[in-house]
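**Student:** Quick one: this structure, given as structure tokens, is what I'll be asking you about.
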Amino acid sequence: MDQLKNAIIERGSVVSDGVLKVDSFLNHQIDTDLMINIGKEFARLFKDSNITRILTIETSGIAPSFMAANELSVPLVFARKKKSLTMNNDVYTSSVYSFTKQVTTEIAVSKNFLSPDDHVLIIDDFLANGQAALGLASIVKQSGASVAGIGIVIEKSFQNGRELLEETGYRVESLARVESLQNGKVTFIKEPTTLHI
Ligand code: 5GP
């Protein structure tokens, strides 16, 4: 997705060899035009997958999932990182090790918002080692629902997340695939040109 790649090049910065900072348009300040187009692209990629619900993780996954859910006319559910006071014990939980924060967090989703009939699209802002996506997939499985696929805004292809998810049998669609962040420079994996009719 060229608009996204241009934003990464022009407005992103490399914090260390492994970490990309995109808080000027994706996860702190939000470029709404870009976010709308990201949502539309996810919807286009998964339009034939019979999605019934989108599942993401707070906070950064919510914005890119919102427009996709709207376009696909399905509800959007986000996993919470802290159990809220109004959440009773009827929750599915999973432990997720955070690549950027280097801590393990418990995530939770109310049992009211996932059912065995659901075919769920999981969306997140980044894919690094796949722990967030696997935690969300575990919650989907606990509910008896199925995973339709995993949509990622920025994949860091030099980490093993995609490999892990594909080994598990999941379809992974990333809108930008970063090949390297070495020496402060972002390079992308070259995708074959596709014609959208
Ligand atoms: P994973 O669980 O795949 O190891 O990492 C994905 C999660 O870590 C995402 O939810 C994202 O919030 C965070 N993350 C991983 N790599 C980066 C990065 O390079 N930049 C930012 N801003 N977040 C990242």
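As shown in the structure tokens, the chain order sets the letters A, B, ...; within each chain, residues go from 1, and ligands are also counted from 1 in the order they appear.
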Enumerate residues in contact with ligand 1: an atom-to-atom distance of at most 8 Å, counting only C-alpha atoms and all ligand atoms. Format the result as a list of chain:residue names.
**Tutor:** A:Gly18, A:Val19, A:Leu20, A:Lys21, A:Val22, A:Asp23, A:Asn27, A:Ile57, A:Ser60, A:Gly61, A:Val96, A:Tyr97, A:Ser98, A:Phe99, A:Thr100, A:Lys101, A:Asp124, A:Asp125, A:Phe126, A:Leu127, A:Ala128, A:Asn129, A:Gly130, A:Gln131, A:Ala132, A:Ala133, A:Leu134, A:Lys156, A:Gly161
**Student:** Tell me which protein, DNA and RNA residues are within 10 Å of Asn37 (chain A), counting only C-alpha atoms, leaving out same-chain ones fewer than 4 positions away, and put them as a PDB file with N, CA and C atoms, in the first residue's frame.
**Tutor:**
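Everything below was put into out_19.pdb:
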ATOM      1  N   MET A   1       0.856  -1.185   0.000  1.00  0.00           N
ATOM      2  CA  MET A   1       0.000   0.000   0.000  1.00  0.00           C
ATOM      3  C   MET A   1       0.896   1.241   0.000  1.00  0.00           C
ATOM      4  N   GLN A   3       0.485   4.565  -0.037  1.00  0.00           N
ATOM      5  CA  GLN A   3       0.262   5.685   0.891  1.00  0.00           C
ATOM      6  C   GLN A   3       0.893   5.373   2.259  1.00  0.00           C
ATOM      7  N   LEU A   4       0.764   4.120   2.674  1.00  0.00           N
ATOM      8  CA  LEU A   4       1.329   3.701   3.962  1.00  0.00           C
ATOM      9  C   LEU A   4       2.859   3.682   3.896  1.00  0.00           C
ATOM     10  N   THR A  32      -6.103  10.363   9.763  1.00  0.00           N
ATOM     11  CA  THR A  32      -7.401   9.706   9.549  1.00  0.00           C
ATOM     12  C   THR A  32      -7.604   9.283   8.096  1.00  0.00           C
ATOM     13  N   ASP A  33      -7.083  10.070   7.150  1.00  0.00           N
ATOM     14  CA  ASP A  33      -7.240   9.690   5.739  1.00  0.00           C
ATOM     15  C   ASP A  33      -6.509   8.379   5.472  1.00  0.00           C
ATOM     16  N   GLU A  41      -8.496  -1.215   2.641  1.00  0.00           N
ATOM     17  CA  GLU A  41      -7.619  -2.249   2.069  1.00  0.00           C
ATOM     18  C   GLU A  41      -7.809  -3.588   2.790  1.00  0.00           C
ATOM     19  N   PHE A  42      -7.904  -3.559   4.124  1.00  0.00           N
ATOM     20  CA  PHE A  42      -8.188  -4.808   4.849  1.00  0.00           C
ATOM     21  C   PHE A  42      -9.530  -5.393   4.388  1.00  0.00           C
ATOM     22  N   ALA A  43     -10.522  -4.518   4.237  1.00  0.00           N
ATOM     23  CA  ALA A  43     -11.854  -4.983   3.830  1.00  0.00           C
ATOM     24  C   ALA A  43     -11.777  -5.610   2.439  1.00  0.00           C
ATOM     25  N   PRO A  64      -6.876   1.220  13.061  1.00  0.00           N
ATOM     26  CA  PRO A  64      -6.902   0.553  11.754  1.00  0.00           C
ATOM     27  C   PRO A  64      -8.034  -0.457  11.593  1.00  0.00           C
ATOM     28  N   MET A  67     -12.269   1.165  10.513  1.00  0.00           N
ATOM     29  CA  MET A  67     -12.819   1.356   9.162  1.00  0.00           C
ATOM     30  C   MET A  67     -13.023   0.007   8.461  1.00  0.00           C
ATOM     31  N   ALA A  68     -12.133  -0.956   8.759  1.00  0.00           N
ATOM     32  CA  ALA A  68     -12.293  -2.289   8.161  1.00  0.00           C
ATOM     33  C   ALA A  68     -13.613  -2.897   8.626  1.00  0.00           C
TER      34      ALA A  68
END
**Student:** Rounded to one decimal place, report the CA of Leu136 (chain A)-CA of His28 (chain A) distance in Å.
**Tutor:**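 According to the coordinates, CA of Leu136 (chain A) and CA of His28 (chain A) are separated by 22.1 Å.
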**Student:** Can you measure CA of Ile62 (chain A) to CA of Gly39 (chain A) for me? One decimal in Å is fine.
**Tutor:**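 So the answer is 10.6 Å.
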**Student:** Interatomic distance between CA of Asn160 (chain A) and CA of Val103 (chain A)?
**Tutor:** 18.5 Å
**Student:** Between A:Thr104, A:Ser138, A:Ser143, A:Gln29, single out the one closest to Pro116 (chain A), counting only C-alpha atoms.
**Tutor:**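 Result for the nearest residue to Pro116 (chain A): A:Ser143.
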**Student:** Using only C-alpha atoms, which of the listed residues (A:Val147, A:Glu191, A:Thr93, A:Ser49) sits closest to Leu175 (chain A)?
**Tutor:**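 Selected residue with least distance to Leu175 (chain A): A:Glu191.
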**Student:** Name the closest residue to Asp2 (chain A) among the candidates A:Leu55, A:Ile107, A:Leu34, A:Val172; distances are taken between atoms, counting only C-alpha atoms.
**Tutor:**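 Among the listed residues, A:Leu34 lies closest to Asp2 (chain A).
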**Student:** Can you pull out every residue from region 103-141 of chain A that DSSP, working from the backbone, puts in alpha helix (DSSP H), and format the result as a list in words?
**Tutor:** Gln131, Ala132, Ala133, Leu134, Gly135, Leu136, Ala137, Ser138, Ile139, Val140 and Lys141 of chain A
**Student:** Between A:Asn183, A:Asp90, A:Val120, A:Met35, single out the one closest to Leu72 (chain A), counting only C-alpha atoms.
**Tutor:**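 Of A:Asn183, A:Asp90, A:Val120, A:Met35, the one nearest Leu72 (chain A) is A:Val120, counting only C-alpha atoms.
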**Student:** Would you list the contacts of Lys111 (chain A) as a PyMOL selection string, taking every protein, DNA or RNA residue within 10 Å and counting only C-alpha atoms, but skipping same-chain residues closer than 3 positions in sequence?
**Tutor:** chain A and resi 88-93+108+114-115+139+142-143
**Student:** Using the selection just defined, write its residues with C-alpha atoms as an mmCIF file, in the first residue's frame.
**Tutor:**
data_model
loop_
_atom_site.group_PDB
_atom_site.id
_atom_site.type_symbol
_atom_site.label_atom_id
_atom_site.label_comp_id
_atom_site.auth_asym_id
_atom_site.auth_seq_id
_atom_site.Cartn_x
_atom_site.Cartn_y
_atom_site.Cartn_z
ATOM 1 C CA ASN A 88 -16.988 -9.609 35.419
ATOM 2 C CA ASN A 89 -15.106 -12.879 35.410
ATOM 3 C CA ASP A 90 -16.799 -14.088 32.251
ATOM 4 C CA VAL A 91 -13.781 -13.373 30.104
ATOM 5 C CA TYR A 92 -11.385 -15.230 27.858
ATOM 6 C CA THR A 93 -7.782 -14.378 28.725
ATOM 7 C CA ALA A 108 -9.070 -10.201 28.194
ATOM 8 C CA LEU A 114 -17.353 -13.888 20.714
ATOM 9 C CA SER A 115 -19.412 -16.949 19.879
ATOM 10 C CA ILE A 139 -8.860 -16.100 22.707
ATOM 11 C CA GLN A 142 -11.208 -20.520 23.556
ATOM 12 C CA SER A 143 -14.558 -19.129 22.382
#
**Student:** Could you pull the residues within 12 Å of Ser180 (chain A), counting only C-alpha atoms, minus those fewer than 2 positions along the same chain, as a list in words?
**Tutor:** Val14, Ser16, Asp17, Gly18, Val19, Leu20, Glu155, Lys156, Ser157, Phe158, Gln159, Ala176, Arg177, Val178, Gln182, Asn183, Gly184, Lys185, Val186, Thr187, Phe188, Ile189 and Lys190 of chain A
**Student:** Contacts of region 117-119 of chain A at 7 Å or less, counting only C-alpha atoms, minus same-chain residues fewer than 4 places along, as a list in words?
**Tutor:**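 What passes the distance filter is Asn50, Ile51, Thr52, Arg53, Ala145, Ser146, Val147 and Ala148 of chain A.
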**Student:** For the residues in that selection, give me N, CA, C and O atoms as a compact mmCIF listing (two decimals), in the first residue's frame.
**Tutor:**
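Result file out.txt:
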# COMPACT_ATOMS: atom_id res chain seq x y z
N ASN A 50 -15.99 -14.32 4.50
CA ASN A 50 -17.12 -14.51 5.42
C ASN A 50 -16.81 -14.10 6.86
O ASN A 50 -17.11 -14.82 7.82
N ILE A 51 -16.18 -12.94 7.00
CA ILE A 51 -15.84 -12.43 8.33
C ILE A 51 -17.14 -12.03 9.06
O ILE A 51 -18.01 -11.37 8.49
N THR A 52 -17.22 -12.42 10.33
CA THR A 52 -18.39 -12.00 11.13
C THR A 52 -18.00 -11.01 12.22
O THR A 52 -18.86 -10.39 12.84
N ARG A 53 -16.71 -10.89 12.51
CA ARG A 53 -16.27 -10.03 13.60
C ARG A 53 -14.78 -9.73 13.43
O ARG A 53 -14.04 -10.57 12.92
N ALA A 145 -14.82 -20.08 18.29
CA ALA A 145 -14.90 -19.44 16.97
C ALA A 145 -13.67 -19.84 16.14
O ALA A 145 -12.75 -20.49 16.64
N SER A 146 -13.66 -19.42 14.85
CA SER A 146 -12.50 -19.74 14.01
C SER A 146 -11.80 -18.47 13.56
O SER A 146 -12.41 -17.40 13.49
N VAL A 147 -10.52 -18.61 13.26
CA VAL A 147 -9.72 -17.46 12.78
C VAL A 147 -9.77 -17.45 11.26
O VAL A 147 -9.33 -18.40 10.60
N ALA A 148 -10.28 -16.34 10.70
CA ALA A 148 -10.37 -16.23 9.24
C ALA A 148 -9.04 -15.76 8.64
O ALA A 148 -8.73 -16.05 7.48
